[in-house]
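First comes the structure, then the notes that go with it.
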Amino acid sequence: MRVYLPLTLPGLAATYKAGELGPGPLVAYAVTPGLREWYVSDDIEELEYAALGRAAAASLRLVAGDPDAERRRIVVAVDVADDVVTADPDGRGMDAGAIGEVRVEGSVSLKKAAAVHADADDAREDVTAAAAALGAADLGDDDAQFVVDGAEDHELLWFGVQEIPSLIG
């Protein structure tokens, strides 16, 4: 199963140094029955793109929670065995924040990573603003939500796993 693990740039650096994502359990996003129902599509590529988007939103929350992290969303796509993944681990069903959420038991070797997705340099200003506005958006501020949505307008770029050293600099 392909899962998308949200990280920050310091988290990616630590993962690279350790050679694994972990320790587990890890919160990730994947094509789940709930995501299929929410997105209403049978196209697996569209569904995986939606799961990647959910992970990017979770990465923004991680960035917002770490004032020292570079303002870039980071998502690692990893292939894991189905039996180490639990869909809807907290039983929140169609709660907007839980759609597509899965729990991966244990650590995952970086060798299982298929790709890294990261914001381009031109997204930093919008990601910075979105991270600052996230709390107000969560409280229902429409203007703040507009700012958060501005970060989502940026597509994450695809990087091969061998490109991690250049990403973490």
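Ordered as shown in the structure tokens, chains take letters A, B, and onward, while each chain numbers its residues from 1 and ligands are numbered from 1 in the order shown.
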| message | To test your reading of the structure, identify every residue in stretch 14-146 of chain A that backbone DSSP assigns to helix (DSSP H, G or I), and report it as an MDAnalysis selection string. | response | chainID A and resid 14:18 33:39 44:64 82:84 110:112 121:138 142:146
| Backbone DSSP call of strand (DSSP E or B) for stretch 38-109 of chain A, listed as an MDAnalysis selection string | chainID A and resid 74:79 85:87 101:104 108:109
| said: At a cut-off of 8 Å, using only C-alpha atoms, what residues contact A:Pro33? Leave out same-chain residues fewer than 3 positions from it and give the result as a list in words. | reply: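 Final neighbour list, sorted by chain and number: Arg36, Glu37 and Gly100 of chain A.
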Restrict the calculation to only C-alpha atoms, then for each residue of stretch 58-125 of chain A with any atom at most 8 Å from an atom of stretch 14-29 of chain A give the closest atom pair and their distance in Å to one decimal, rows by chain and rising residue number, as a tab-separated table.
residue	atom	partner	partner_atom	distance
A:Gly100	CA	A:Tyr29	CA	5.1
A:Glu101	CA	A:Tyr29	CA	4.5
A:Val102	CA	A:Ala28	CA	5.3
A:Arg103	CA	A:Val27	CA	4.8
A:Val104	CA	A:Leu26	CA	5.0
A:Glu105	CA	A:Pro25	CA	4.5
A:Gly106	CA	A:Gly24	CA	4.0
A:Ser107	CA	A:Gly22	CA	4.4
A:Val108	CA	A:Leu21	CA	5.1
A:Ser109	CA	A:Glu20	CA	4.2
A:Leu110	CA	A:Glu20	CA	4.6
A:Lys111	CA	A:Gly19	CA	7.7
| task | Would you list the contacts of A:Asp119 as an MDAnalysis selection string, taking every protein, DNA or RNA residue within 9 Å and counting only C-alpha atoms, but skipping same-chain residues closer than 2 positions in sequence? | result | chainID A and resid 71:74 117 121:124 127 154:157
